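Student: Just work_12.cif, nothing more (mmCIF, C-alpha atoms and all ligand atoms):
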```
data_my_file
loop_
_atom_site.label_atom_id
_atom_site.label_comp_id
_atom_site.auth_asym_id
_atom_site.auth_seq_id
_atom_site.Cartn_x
_atom_site.Cartn_y
_atom_site.Cartn_z
CA MET U 1 0.00 0.00 0.00
CA ASN U 2 1.28 3.48 -0.94
CA LEU U 3 0.22 6.52 1.07
CA LEU U 4 0.98 10.11 0.12
CA SER U 5 1.55 12.88 2.62
CA ILE U 6 1.25 16.43 1.29
CA GLY U 7 2.50 19.00 3.77
CA GLY U 8 5.33 20.98 5.24
CA SER U 9 8.82 19.84 6.13
CA ASP U 10 9.65 19.95 9.83
CA PRO U 11 13.40 19.55 10.34
CA SER U 12 12.85 18.32 13.90
CA SER U 13 10.86 15.43 12.37
CA GLY U 14 8.27 15.77 15.09
CA ALA U 15 5.44 16.84 12.80
CA GLY U 16 4.78 17.40 9.13
CA ILE U 17 5.84 15.05 6.38
CA GLN U 18 8.78 13.58 8.29
CA SER U 19 6.43 12.45 11.03
CA ASP U 20 4.06 10.95 8.45
CA VAL U 21 6.83 8.99 6.75
CA LYS U 22 7.65 7.42 10.13
CA ALA U 23 4.00 6.61 10.81
CA PHE U 24 3.43 5.16 7.33
CA ALA U 25 6.49 2.94 7.76
CA GLU U 26 5.12 1.72 11.06
CA PHE U 27 1.93 0.66 9.26
CA ASN U 28 4.06 -1.32 6.79
CA THR U 29 3.03 1.00 4.00
CA TYR U 30 5.19 2.91 1.54
CA GLY U 31 5.24 6.65 2.24
CA LEU U 32 5.33 9.18 -0.59
CA THR U 33 5.71 12.91 0.06
CA VAL U 34 4.95 16.19 -1.64
CA ILE U 35 6.40 19.20 0.18
CA THR U 36 4.40 22.42 0.21
CA ALA U 37 6.69 24.48 2.41
CA ILE U 38 9.92 24.24 4.35
CA THR U 39 9.80 25.30 7.97
CA GLY U 40 12.65 26.05 10.33
CA GLN U 41 11.67 24.89 13.81
CA ASN U 42 12.74 22.83 16.77
CA THR U 43 11.17 21.56 19.97
CA SER U 44 11.28 25.02 21.58
CA SER U 45 10.51 27.53 18.89
CA PHE U 46 9.20 28.10 15.42
CA GLY U 47 11.44 29.92 12.93
CA MET U 48 10.89 30.64 9.27
CA ILE U 49 8.54 29.32 6.63
CA GLU U 50 9.39 29.24 2.96
CA PRO U 51 6.63 27.95 0.66
CA VAL U 52 7.79 26.10 -2.44
CA SER U 53 7.21 27.53 -5.92
CA GLN U 54 4.19 26.57 -8.03
CA LYS U 55 6.49 24.92 -10.52
CA ILE U 56 8.14 22.52 -8.13
CA LEU U 57 4.89 21.79 -6.29
CA LYS U 58 3.24 20.81 -9.57
CA ASN U 59 6.24 18.82 -10.66
CA GLN U 60 6.34 16.87 -7.40
CA LEU U 61 2.66 16.00 -7.72
CA GLU U 62 2.87 14.99 -11.36
CA SER U 63 5.95 12.88 -10.72
CA ILE U 64 4.22 10.91 -8.01
CA ILE U 65 0.76 10.61 -9.57
CA SER U 66 2.09 9.39 -12.92
CA ASP U 67 4.17 6.64 -11.35
CA PHE U 68 2.55 5.17 -8.25
CA LYS U 69 -0.75 3.61 -7.42
CA ILE U 70 -1.71 5.83 -4.50
CA ASP U 71 -4.09 4.27 -1.98
CA GLY U 72 -4.66 7.26 0.26
CA ILE U 73 -3.65 10.91 0.59
CA LYS U 74 -3.19 13.07 3.63
CA ILE U 75 -3.08 16.84 3.30
CA GLY U 76 -1.45 18.75 6.15
CA MET U 77 0.18 22.18 5.96
CA VAL U 78 -0.73 24.06 2.75
CA PHE U 79 0.33 27.58 3.76
CA ASN U 80 -0.94 29.88 0.99
CA SER U 81 -3.64 30.36 -1.66
CA GLN U 82 -1.41 29.50 -4.60
CA ILE U 83 -0.51 26.14 -3.07
CA ILE U 84 -4.16 25.51 -2.18
CA LYS U 85 -5.32 26.14 -5.75
CA THR U 86 -2.62 23.99 -7.32
CA LEU U 87 -3.43 21.13 -4.97
CA HIS U 88 -7.13 21.45 -5.71
CA HIS U 89 -6.54 21.38 -9.43
CA GLN U 90 -4.31 18.30 -9.28
CA LEU U 91 -6.28 16.31 -6.74
CA LYS U 92 -9.93 16.94 -7.65
CA LYS U 93 -9.77 14.46 -10.52
CA LEU U 94 -8.42 11.61 -8.41
CA LYS U 95 -10.64 8.95 -6.89
CA ILE U 96 -8.53 8.31 -3.82
CA PRO U 97 -9.58 8.77 -0.18
CA ILE U 98 -8.23 12.06 1.14
CA VAL U 99 -7.77 12.98 4.78
CA VAL U 100 -7.47 16.69 5.43
CA ASP U 101 -5.72 17.72 8.62
CA PRO U 102 -6.47 21.47 8.72
CA VAL U 103 -3.34 22.55 10.55
CA LEU U 104 -3.43 26.24 11.28
CA LYS U 105 -0.92 26.73 14.06
CA SER U 106 2.02 24.76 15.45
CA THR U 107 2.22 23.75 19.11
CA THR U 108 5.24 26.01 19.41
CA GLY U 109 3.30 28.97 18.05
CA GLY U 110 4.02 29.30 14.31
CA MET U 111 1.16 30.02 11.92
CA LEU U 112 1.03 27.21 9.36
CA ILE U 113 -1.34 29.01 7.00
CA GLU U 114 -1.57 32.63 5.90
CA ARG U 115 -4.58 34.31 7.44
CA ASP U 116 -6.06 35.37 4.11
CA ALA U 117 -5.70 31.84 2.69
CA ILE U 118 -8.25 30.34 5.08
CA VAL U 119 -11.15 31.27 2.77
CA ASP U 120 -9.51 29.43 -0.13
CA PHE U 121 -8.75 26.53 2.17
CA GLN U 122 -12.47 26.27 2.92
CA LYS U 123 -13.38 26.59 -0.73
CA TYR U 124 -10.78 24.36 -2.37
CA ILE U 125 -9.33 21.92 0.17
CA ILE U 126 -12.25 21.05 2.45
CA PRO U 127 -14.40 19.70 -0.45
CA LEU U 128 -11.62 17.22 -1.25
CA ALA U 129 -11.90 15.63 2.18
CA THR U 130 -13.21 12.13 2.70
CA VAL U 131 -12.42 12.88 6.34
CA ILE U 132 -11.36 16.16 7.91
CA THR U 133 -9.74 16.10 11.36
CA PRO U 134 -9.72 19.55 12.99
CA ASN U 135 -8.99 19.86 16.68
CA LYS U 136 -11.36 22.03 18.69
CA PHE U 137 -9.40 25.23 18.01
CA GLU U 138 -9.24 24.55 14.26
CA ALA U 139 -12.93 23.67 14.11
CA GLU U 140 -13.78 26.96 15.84
CA ILE U 141 -11.82 28.98 13.30
CA LEU U 142 -13.05 27.09 10.23
CA SER U 143 -16.69 27.24 11.30
CA LYS U 144 -16.48 30.65 12.99
CA THR U 145 -18.25 29.04 15.94
CA LYS U 146 -17.04 29.13 19.52
CA ILE U 147 -17.39 25.64 20.99
CA ASN U 148 -18.62 25.70 24.57
CA SER U 149 -21.25 22.98 24.50
CA LYS U 150 -22.29 19.81 22.76
CA ARG U 151 -24.65 21.85 20.61
CA ASP U 152 -21.85 24.17 19.50
CA LEU U 153 -19.75 21.13 18.67
CA GLU U 154 -22.42 19.67 16.42
CA LYS U 155 -23.10 23.02 14.86
CA SER U 156 -19.43 23.54 14.10
CA ALA U 157 -19.10 20.05 12.55
CA LYS U 158 -22.21 20.62 10.43
CA ILE U 159 -20.86 23.92 9.10
CA ILE U 160 -17.59 22.23 8.12
CA GLN U 161 -19.51 19.36 6.50
CA LYS U 162 -21.56 21.88 4.50
CA MET U 163 -18.27 23.22 3.09
CA GLY U 164 -17.90 19.85 1.40
CA ALA U 165 -16.10 17.42 3.73
CA LYS U 166 -17.83 14.02 3.73
CA ASN U 167 -16.98 13.16 7.33
CA VAL U 168 -15.92 15.51 10.09
CA VAL U 169 -13.96 14.41 13.15
CA ILE U 170 -13.38 17.10 15.77
CA THR U 171 -10.61 15.87 18.04
CA GLY U 172 -9.52 16.64 21.57
CA ILE U 173 -12.82 17.43 23.26
CA GLU U 174 -12.57 17.44 27.04
CA GLU U 175 -15.96 16.66 28.49
CA LYS U 176 -15.01 14.54 31.47
CA LYS U 177 -11.99 14.66 33.70
CA GLY U 178 -9.21 12.34 32.57
CA LYS U 179 -10.96 11.62 29.27
CA ILE U 180 -10.53 13.00 25.82
CA SER U 181 -13.05 12.43 23.07
CA ASP U 182 -13.52 12.89 19.38
CA PHE U 183 -16.83 13.98 17.93
CA VAL U 184 -17.67 12.32 14.62
CA LEU U 185 -20.20 13.58 12.09
CA GLU U 186 -20.75 11.15 9.23
CA ASN U 187 -23.28 11.53 6.46
CA ASN U 188 -26.24 10.29 8.47
CA THR U 189 -24.91 9.70 11.95
CA LYS U 190 -23.06 11.43 14.73
CA TYR U 191 -21.33 9.98 17.75
CA THR U 192 -18.51 10.50 20.22
CA ILE U 193 -15.56 8.22 20.81
CA SER U 194 -13.92 8.64 24.16
CA GLY U 195 -10.50 7.58 25.43
CA ASN U 196 -8.08 8.22 28.28
CA LYS U 197 -6.21 11.49 28.34
CA ILE U 198 -2.48 11.72 28.88
CA VAL U 199 -1.24 15.01 30.23
CA ASN U 200 1.93 15.86 28.36
CA SER U 201 2.93 18.63 26.05
CA ASN U 202 4.17 17.09 22.86
CA HIS U 203 4.93 17.70 19.22
CA GLY U 204 3.47 15.37 16.60
CA SER U 205 0.26 13.92 18.01
CA GLY U 206 -2.06 15.70 15.53
CA CYS U 207 -0.02 14.45 12.59
CA ASN U 208 0.05 10.91 14.02
CA TYR U 209 -3.72 10.98 14.33
CA SER U 210 -4.45 11.98 10.73
CA ALA U 211 -1.74 9.64 9.38
CA ALA U 212 -3.45 6.77 11.20
CA ILE U 213 -6.85 7.79 9.82
CA VAL U 214 -5.61 7.80 6.22
CA PHE U 215 -4.03 4.39 6.70
CA ALA U 216 -7.20 2.93 8.18
CA ILE U 217 -9.66 4.33 5.64
CA SER U 218 -7.40 3.33 2.77
CA ASN U 219 -7.67 -0.16 4.20
CA ASN U 220 -11.44 0.05 3.77
CA LYS U 221 -12.08 0.45 7.48
CA THR U 222 -15.25 2.27 8.45
CA ILE U 223 -15.00 5.81 9.80
CA ARG U 224 -15.75 4.52 13.30
CA GLU U 225 -13.05 1.85 13.09
CA SER U 226 -10.58 4.38 11.66
CA VAL U 227 -11.22 6.86 14.46
CA LYS U 228 -10.79 4.15 17.10
CA PHE U 229 -7.58 3.00 15.48
CA ALA U 230 -6.24 6.56 15.23
CA LYS U 231 -7.12 7.27 18.87
CA GLU U 232 -5.26 4.20 20.07
CA PHE U 233 -2.27 4.85 17.83
CA THR U 234 -2.04 8.48 18.95
CA TYR U 235 -2.48 7.57 22.62
CA ASN U 236 0.46 5.17 22.35
CA SER U 237 2.59 7.69 20.47
CA ILE U 238 2.03 10.29 23.21
CA LYS U 239 2.62 7.74 25.96
CA ASN U 240 5.90 6.86 24.32
CA ALA U 241 6.91 10.49 23.57
CA LYS U 242 10.64 11.15 23.93
CA LYS U 243 12.62 14.18 24.93
CA VAL U 244 14.94 14.32 21.95
CA GLY U 245 15.69 18.05 21.85
CA LYS U 246 15.83 20.61 24.65
CA GLY U 247 12.17 21.62 24.42
CA ILE U 248 8.92 19.64 24.37
CA LYS U 249 8.79 15.90 23.79
CA ILE U 250 8.33 14.39 20.35
CA THR U 251 5.74 11.65 19.97
CA ASP U 252 7.17 8.27 19.21
CA ILE U 253 5.72 5.07 18.04
CA GLN U 254 6.01 2.00 20.20
CA LYS U 255 7.73 -0.49 17.97
CA ARG U 256 5.72 -3.60 17.39
CA ASP U 257 7.24 -6.99 18.12
CA GLU U 258 8.58 -9.09 15.26
CA ILE U 259 5.59 -11.44 15.35
CA ASN U 260 3.21 -8.54 14.92
CA LEU U 261 5.29 -7.00 12.12
CA GLU U 262 5.55 -10.23 10.15
CA LEU U 263 1.90 -11.11 10.53
CA SER U 264 0.59 -7.67 9.61
CA GLN U 265 2.86 -7.59 6.59
CA ALA U 266 1.56 -11.01 5.51
CA ILE U 267 -2.07 -9.96 6.05
CA ASN U 268 -1.46 -6.87 3.90
CA GLU U 269 -0.13 -9.14 1.15
CA PHE U 270 -2.90 -11.70 1.59
CA VAL U 271 -5.73 -9.21 1.05
CA GLU U 272 -4.05 -8.04 -2.17
CA ILE U 273 -3.97 -11.54 -3.76
CA LYS U 274 -6.03 -11.49 -6.94
CA ASN U 275 -9.52 -12.99 -6.47
CA ILE U 276 -8.72 -14.07 -2.94
CA TYR U 277 -12.31 -13.26 -1.96
CA LYS U 278 -13.30 -16.56 -3.56
CA ASN U 279 -11.35 -18.35 -0.83
CA ILE U 280 -13.00 -16.66 2.14
CA PRO U 281 -15.49 -18.99 3.87
CA GLU U 282 -18.89 -18.00 5.27
CA CYS U 283 -17.43 -17.93 8.78
CA GLN U 284 -14.65 -15.65 7.43
CA THR U 285 -10.88 -16.01 7.77
CA ASN U 286 -8.35 -15.63 10.53
CA PHE U 287 -4.59 -15.61 10.09
CA VAL U 288 -2.52 -16.40 13.18
CA TYR U 289 1.13 -16.44 14.23
CA SER U 290 2.44 -17.85 17.45
CA LYS U 291 5.20 -17.01 19.90
CA GLN U 292 8.04 -19.54 20.13
CA LYS U 293 6.50 -22.01 22.60
CA PRO U 294 2.78 -21.28 22.87
CA LYS U 295 1.10 -22.53 26.04
CA SER U 296 -2.36 -21.31 25.17
CA THR U 297 -4.16 -19.28 22.50
CA LYS U 298 -3.08 -16.20 24.50
CA ASP U 299 0.42 -16.78 23.08
CA ILE U 300 -0.95 -16.69 19.56
CA LEU U 301 -1.43 -13.44 17.68
CA GLY U 302 -4.58 -13.28 15.54
CA ILE U 303 -7.18 -10.86 14.31
CA SER U 304 -9.72 -9.99 16.98
CA GLY U 305 -12.33 -9.85 14.27
CA ARG U 306 -11.79 -11.43 10.88
CA ILE U 307 -10.64 -11.01 7.33
CA VAL U 308 -14.02 -10.57 5.65
CA LYS U 309 -15.42 -10.58 2.18
CA ALA U 310 -16.97 -7.31 0.97
CA GLY U 311 -18.19 -7.82 -2.59
CA ASN U 312 -15.16 -8.98 -4.51
CA LYS U 313 -12.77 -7.33 -2.13
CA VAL U 314 -11.35 -8.61 1.11
CA ILE U 315 -10.96 -6.38 4.14
CA VAL U 316 -9.50 -6.75 7.60
CA ALA U 317 -12.13 -6.07 10.24
CA GLY U 318 -10.46 -5.81 13.63
CA ASN U 319 -6.96 -5.48 15.02
CA LEU U 320 -4.18 -7.89 15.81
CA SER U 321 -4.11 -9.12 19.36
CA TYR U 322 -2.82 -12.05 21.35
CA GLY U 323 -5.76 -14.34 22.00
CA GLY U 324 -7.60 -12.61 19.13
CA SER U 325 -8.44 -15.91 17.46
CA LYS U 326 -10.07 -18.90 19.14
CA HIS U 327 -10.65 -21.38 16.36
CA VAL U 328 -7.64 -21.13 14.08
CA ALA U 329 -5.40 -20.49 17.10
CA THR U 330 -6.61 -23.71 18.75
CA ALA U 331 -5.90 -25.62 15.54
CA LEU U 332 -2.38 -24.16 15.50
CA LEU U 333 -1.82 -24.87 19.18
CA THR U 334 -2.78 -28.51 18.67
CA MET U 335 -0.52 -28.81 15.65
CA ASN U 336 2.38 -27.06 17.43
CA LYS U 337 2.23 -29.57 20.32
CA LYS U 338 3.19 -32.39 17.98
CA PHE U 339 5.19 -30.37 15.43
CA PRO U 340 6.85 -27.48 17.31
CA GLU U 341 8.22 -25.89 14.12
CA ILE U 342 4.70 -24.94 12.99
CA HIS U 343 3.88 -21.41 14.15
CA SER U 344 1.34 -20.03 11.71
CA ALA U 345 -2.06 -20.95 10.23
CA ILE U 346 -4.92 -19.59 8.15
CA ASN U 347 -8.37 -20.98 7.36
CA LEU U 348 -9.82 -20.86 3.86
CA LYS U 349 -13.04 -21.88 2.16
CA PHE U 350 -13.35 -25.58 1.34
CA GLN U 351 -13.69 -26.14 -2.39
CA ASN U 352 -13.04 -29.36 -4.32
CA ALA U 353 -11.09 -27.34 -6.88
CA THR U 354 -8.78 -26.04 -4.14
CA ILE U 355 -8.21 -29.56 -2.82
CA SER U 356 -7.22 -30.79 -6.29
CA LYS U 357 -4.81 -27.88 -6.69
CA ILE U 358 -3.34 -28.66 -3.27
CA LYS U 359 -2.81 -32.27 -4.28
CA LYS U 360 -1.34 -31.33 -7.67
CA SER U 361 1.07 -28.86 -6.11
CA LYS U 362 2.47 -31.64 -3.90
CA LEU U 363 1.55 -30.01 -0.63
CA LYS U 364 1.07 -32.57 2.13
CA VAL U 365 -2.59 -32.96 2.98
CA SER U 366 -4.48 -34.61 5.79
CA SER U 367 -8.12 -34.51 6.79
CA TYR U 368 -10.63 -35.50 9.43
CA ASP U 369 -14.27 -36.36 9.38
CA ARG U 370 -16.53 -34.41 11.69
CA VAL U 371 -19.19 -37.07 11.35
CA GLN U 372 -16.90 -39.34 13.39
CA GLU U 373 -16.70 -36.88 16.24
CA PRO U 374 -17.74 -38.44 19.58
CA SER U 375 -20.69 -36.67 21.18
CA ASN U 376 -18.78 -35.87 24.39
CA VAL U 377 -16.25 -33.92 22.29
CA LYS U 378 -19.05 -32.07 20.52
CA ASN U 379 -20.62 -31.13 23.85
CA GLN U 380 -17.33 -29.86 25.25
CA GLY U 381 -16.86 -27.65 22.24
CA SER U 382 -13.37 -29.00 21.54
CA THR U 383 -14.12 -30.17 18.00
CA ILE U 384 -11.20 -28.47 16.33
CA GLU U 385 -8.67 -29.88 18.79
CA TRP U 386 -10.11 -33.35 18.33
CA GLY U 387 -10.10 -32.94 14.55
CA ILE U 388 -6.51 -31.77 14.23
CA LYS U 389 -5.28 -34.46 16.64
CA ASN U 390 -7.08 -37.01 14.54
CA ALA U 391 -5.67 -35.70 11.29
CA ILE U 392 -2.06 -35.81 12.51
CA LYS U 393 -2.01 -38.81 14.83
CA ASN U 394 -0.37 -41.13 12.29
CA LEU U 395 1.89 -38.55 10.67
CA LYS U 396 5.67 -38.30 11.09
CA GLU U 397 5.89 -34.94 9.34
CA PRO U 398 3.58 -31.93 9.64
CA PRO U 399 0.99 -31.59 6.87
CA ASP U 400 0.73 -28.29 4.97
CA VAL U 401 -3.02 -28.54 4.83
CA ILE U 402 -5.78 -30.11 6.90
CA TYR U 403 -9.36 -30.09 5.74
CA HIS U 404 -12.72 -31.44 6.82
CA LYS U 405 -15.86 -31.73 4.75
CA GLY U 406 -18.24 -30.42 7.39
CA ASP U 407 -21.18 -31.98 9.12
CA PHE U 408 -24.86 -31.20 9.34
CA GLY U 409 -25.02 -27.41 9.65
CA LYS U 410 -21.22 -27.15 9.88
CA GLU U 411 -19.25 -25.51 7.14
CA PRO U 412 -16.40 -27.53 5.60
CA MET U 413 -12.99 -25.88 5.97
CA ILE U 414 -9.38 -25.86 4.88
CA ILE U 415 -6.58 -24.84 7.23
CA ILE U 416 -3.10 -24.15 5.90
CA PHE U 417 -0.18 -24.49 8.32
CA GLY U 418 3.37 -23.22 8.06
CA ASP U 419 6.51 -22.21 9.95
CA ASN U 420 5.66 -18.53 9.59
CA PRO U 421 3.18 -16.25 7.74
CA LYS U 422 5.46 -15.83 4.70
CA ASN U 423 5.66 -19.58 4.34
CA ILE U 424 1.85 -19.73 4.40
CA LEU U 425 1.59 -17.11 1.65
CA LYS U 426 3.92 -19.20 -0.49
CA LYS U 427 1.63 -22.20 -0.06
CA ILE U 428 -1.43 -20.08 -0.85
CA SER U 429 0.20 -18.85 -4.06
CA LYS U 430 0.33 -22.46 -5.23
CA ILE U 431 -3.38 -23.00 -4.82
CA THR U 432 -4.95 -19.73 -5.90
CA GLY U 433 -5.16 -18.06 -9.26
O1 LIG U 501 1.23 19.43 13.71
C1 LIG U 501 0.97 20.27 12.70
C2 LIG U 501 2.11 20.53 11.78
C3 LIG U 501 2.04 20.10 10.48
N1 LIG U 501 2.99 20.32 9.59
C4 LIG U 501 4.10 20.98 9.91
C5 LIG U 501 4.27 21.43 11.20
C6 LIG U 501 3.25 21.21 12.17
C7 LIG U 501 3.45 21.67 13.51
O2 LIG U 501 4.45 22.19 13.90
O3 LIG U 501 5.39 22.07 11.52
C8 LIG U 501 5.17 21.18 8.89
#
```
Rewrite the structure from the file as structure tokens, please.
Ligand code: PXL
Tutor:
Amino acid sequence: MNLLSIGGSDPSSGAGIQSDVKAFAEFNTYGLTVITAITGQNTSSFGMIEPVSQKILKNQLESIISDFKIDGIKIGMVFNSQIIKTLHHQLKKLKIPIVVDPVLKSTTGGMLIERDAIVDFQKYIIPLATVITPNKFEAEILSKTKINSKRDLEKSAKIIQKMGAKNVVITGIEEKKGKISDFVLENNTKYTISGNKIVNSNHGSGCNYSAAIVFAISNNKTIRESVKFAKEFTYNSIKNAKKVGKGIKITDIQKRDEINLELSQAINEFVEIKNIYKNIPECQTNFVYSKQKPKSTKDILGISGRIVKAGNKVIVAGNLSYGGSKHVATALLTMNKKFPEIHSAINLKFQNATISKIKKSKLKVSSYDRVQEPSNVKNQGSTIEWGIKNAIKNLKEPPDVIYHKGDFGKEPMIIIFGDNPKNILKKISKITG
């Protein structure tokens, strides 16, 4: 996935495009950048701003658009009317989700947009927004509405939506002590998402938030899911903020463990496989990866949710968490007890055509018959454990695939096993397409 950040350069790398490149990398996506202005600033003070010329702005955009498939765009600092109009002209024809982060002022005090450019910002940039993410201060300025109550908040969001943004998220609302919430106005619904507040002055949290939103919506997440994801991501980046310079802290991203990195990378690749939706079963798919010596499903990372079919696309609904999968994780746990080198598994739709491809591609296959399942096992709900044990009890080597053909009211299923997620993808490539 390729994400484009359009904004200003911050040499302290706390905010702006440098911050977005770091965030995009953390999401395992490729970060592209178009610079609108160069700022001179550090963690204590804001220095100069020099906007780039029309010519180089246009050339940056054209270079990127003509070469890359861009999955999502974030617009941050735009600074002046000329830049705003050029961006509008180049971006209005694209059918790519755009997140607008209407940054007006830096935490250290610098104005990030010329005062007389705000009208053009409203006219030309806001209508491009799939989602716009003003904080309370920015919402007040854009809507010319002081926000002192819930009613003001809704009124302000509505005014901004009328300017052309599809979805409005006003961030950083403090209603209750110790909590911080975001107010969301979608097309037909409005709601608030609340989270814990961390008291710390930092540089970068606003940018982290909108970078996370563009990643999530480009992954076909709903607005609600994207906001929740962005809130959690931003919370962690503030919690992990570091004092790098002499002034305020810079937000930092808690590095994910290797298991998480490898699995999320593999899931990103899996959903991109051509026609993969045809292999998603009714009960949907989970993809799991285990720690070295798993004792229970709590040691196995999976999607707390599923990989689901949406038309002829496949989307990830939910986040990775240990214990996130019950079924596929139990299958893996059972397999790992006998064959400790097996650490990853995925379930796919049972189809005779898939089974023949598996057999042709020389993958090792085993199966079990749910009809044979003793009733005491059925009642205990340990079917999958029983099934996998059965399928491997006479084997000296681990099978690549185990399937069962279902039972009355039970969907048949294929589970692919491997040493790691990459290894699973390799096996999948042999049986799809
Ligand atoms: O956080 C907003 C922001 C965006 N872009 C640039 C910035 C800042 C804040 O300082 O400098 C370039």
Student: Between chain U and ligand LIG 501 (chain U), at 8 Å or less, what are the per-residue closest atom pairs and their distances in Å? Count only C-alpha atoms and all ligand atoms, order by chain and rising residue number, and return it as a Markdown table.
Tutor:
```
| residue | atom | partner | partner_atom | distance |
| --- | --- | --- | --- | --- |
| U:Gly7 | CA | U:LIG501 | N1 | 6.0 |
| U:Gly8 | CA | U:LIG501 | C8 | 3.7 |
| U:Ser9 | CA | U:LIG501 | C8 | 4.8 |
| U:Asp10 | CA | U:LIG501 | C8 | 4.7 |
| U:Gly14 | CA | U:LIG501 | O2 | 7.6 |
| U:Ala15 | CA | U:LIG501 | C6 | 4.9 |
| U:Gly16 | CA | U:LIG501 | N1 | 3.5 |
| U:Ile17 | CA | U:LIG501 | C8 | 6.7 |
| U:Ala37 | CA | U:LIG501 | C8 | 7.4 |
| U:Ile38 | CA | U:LIG501 | C8 | 7.2 |
| U:Thr39 | CA | U:LIG501 | C8 | 6.3 |
| U:Gln41 | CA | U:LIG501 | O3 | 7.3 |
| U:Phe46 | CA | U:LIG501 | O2 | 7.7 |
| U:Gly76 | CA | U:LIG501 | C3 | 5.7 |
| U:Met77 | CA | U:LIG501 | N1 | 5.0 |
| U:Val103 | CA | U:LIG501 | C1 | 5.3 |
| U:Leu104 | CA | U:LIG501 | C1 | 7.6 |
| U:Lys105 | CA | U:LIG501 | C7 | 6.7 |
| U:Ser106 | CA | U:LIG501 | O2 | 3.9 |
| U:Thr107 | CA | U:LIG501 | O2 | 5.9 |
| U:Thr108 | CA | U:LIG501 | O2 | 6.8 |
| U:Gly110 | CA | U:LIG501 | O2 | 7.1 |
| U:Leu112 | CA | U:LIG501 | C5 | 6.9 |
| U:His203 | CA | U:LIG501 | O1 | 6.9 |
| U:Gly204 | CA | U:LIG501 | O1 | 5.5 |
| U:Ser205 | CA | U:LIG501 | O1 | 7.1 |
| U:Gly206 | CA | U:LIG501 | O1 | 5.3 |
| U:Cys207 | CA | U:LIG501 | O1 | 5.3 |
```
Student: For the selection you just gave me, I'd like the residues written to a file as a JSON list (two decimals), keeping the file's coordinate frame, keeping C-alpha atoms.
Tutor:
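What follows is the written file out.json:
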```
[["chain", "number", "residue", "atom", "x", "y", "z"],
["U", 7, "GLY", "CA", 2.50, 19.00, 3.77],
["U", 8, "GLY", "CA", 5.33, 20.98, 5.24],
["U", 9, "SER", "CA", 8.82, 19.84, 6.13],
["U", 10, "ASP", "CA", 9.65, 19.95, 9.83],
["U", 14, "GLY", "CA", 8.27, 15.77, 15.09],
["U", 15, "ALA", "CA", 5.44, 16.84, 12.80],
["U", 16, "GLY", "CA", 4.78, 17.40, 9.13],
["U", 17, "ILE", "CA", 5.84, 15.05, 6.38],
["U", 37, "ALA", "CA", 6.69, 24.48, 2.41],
["U", 38, "ILE", "CA", 9.92, 24.24, 4.35],
["U", 39, "THR", "CA", 9.80, 25.30, 7.97],
["U", 41, "GLN", "CA", 11.67, 24.89, 13.81],
["U", 46, "PHE", "CA", 9.20, 28.10, 15.42],
["U", 76, "GLY", "CA", -1.45, 18.75, 6.15],
["U", 77, "MET", "CA", 0.18, 22.18, 5.96],
["U", 103, "VAL", "CA", -3.34, 22.55, 10.55],
["U", 104, "LEU", "CA", -3.43, 26.24, 11.28],
["U", 105, "LYS", "CA", -0.92, 26.73, 14.06],
["U", 106, "SER", "CA", 2.02, 24.76, 15.45],
["U", 107, "THR", "CA", 2.22, 23.75, 19.11],
["U", 108, "THR", "CA", 5.24, 26.01, 19.41],
["U", 110, "GLY", "CA", 4.02, 29.30, 14.31],
["U", 112, "LEU", "CA", 1.03, 27.21, 9.36],
["U", 203, "HIS", "CA", 4.93, 17.70, 19.22],
["U", 204, "GLY", "CA", 3.47, 15.37, 16.60],
["U", 205, "SER", "CA", 0.26, 13.92, 18.01],
["U", 206, "GLY", "CA", -2.06, 15.70, 15.53],
["U", 207, "CYS", "CA", -0.02, 14.45, 12.59]]
```
Student: Which polymer residues have any atom within 7 Å of an atom of segment 220-231 of chain U, counting all atoms listed in the file, with same-chain residues fewer than 5 positions away left out, as a short mmCIF file (atom, residue, chain, number, x, y, z; two decimals) with C-alpha atoms, keeping the file's coordinate frame?
Tutor:
```cif
data_model
loop_
_atom_site.label_atom_id
_atom_site.label_comp_id
_atom_site.auth_asym_id
_atom_site.auth_seq_id
_atom_site.Cartn_x
_atom_site.Cartn_y
_atom_site.Cartn_z
CA TYR U 209 -3.72 10.98 14.33
CA ALA U 212 -3.45 6.77 11.20
CA ILE U 213 -6.85 7.79 9.82
CA ILE U 315 -10.96 -6.38 4.14
#
```
Student: List as number ranges by chain the protein and nucleic acid residues near segment 137-147 of chain U, meaning an atom at most 8 Å away when all atoms listed in the file are counted, but skip any in the same chain fewer than 5 places from it.
Tutor: U: 102-104, 118, 122, 152-153, 155-157, 159-160, 170
Student: Residues of the last selection are to be written out with C-alpha atoms, as a PDB file, in the frame of the given file.
Tutor:
```pdb
ATOM      1  CA  PRO U 102      -6.470  21.470   8.720  1.00  0.00           C
ATOM      2  CA  VAL U 103      -3.340  22.550  10.550  1.00  0.00           C
ATOM      3  CA  LEU U 104      -3.430  26.240  11.280  1.00  0.00           C
ATOM      4  CA  ILE U 118      -8.250  30.340   5.080  1.00  0.00           C
ATOM      5  CA  GLN U 122     -12.470  26.270   2.920  1.00  0.00           C
ATOM      6  CA  ASP U 152     -21.850  24.170  19.500  1.00  0.00           C
ATOM      7  CA  LEU U 153     -19.750  21.130  18.670  1.00  0.00           C
ATOM      8  CA  LYS U 155     -23.100  23.020  14.860  1.00  0.00           C
ATOM      9  CA  SER U 156     -19.430  23.540  14.100  1.00  0.00           C
ATOM     10  CA  ALA U 157     -19.100  20.050  12.550  1.00  0.00           C
ATOM     11  CA  ILE U 159     -20.860  23.920   9.100  1.00  0.00           C
ATOM     12  CA  ILE U 160     -17.590  22.230   8.120  1.00  0.00           C
ATOM     13  CA  ILE U 170     -13.380  17.100  15.770  1.00  0.00           C
TER      14      ILE U 170
END
```
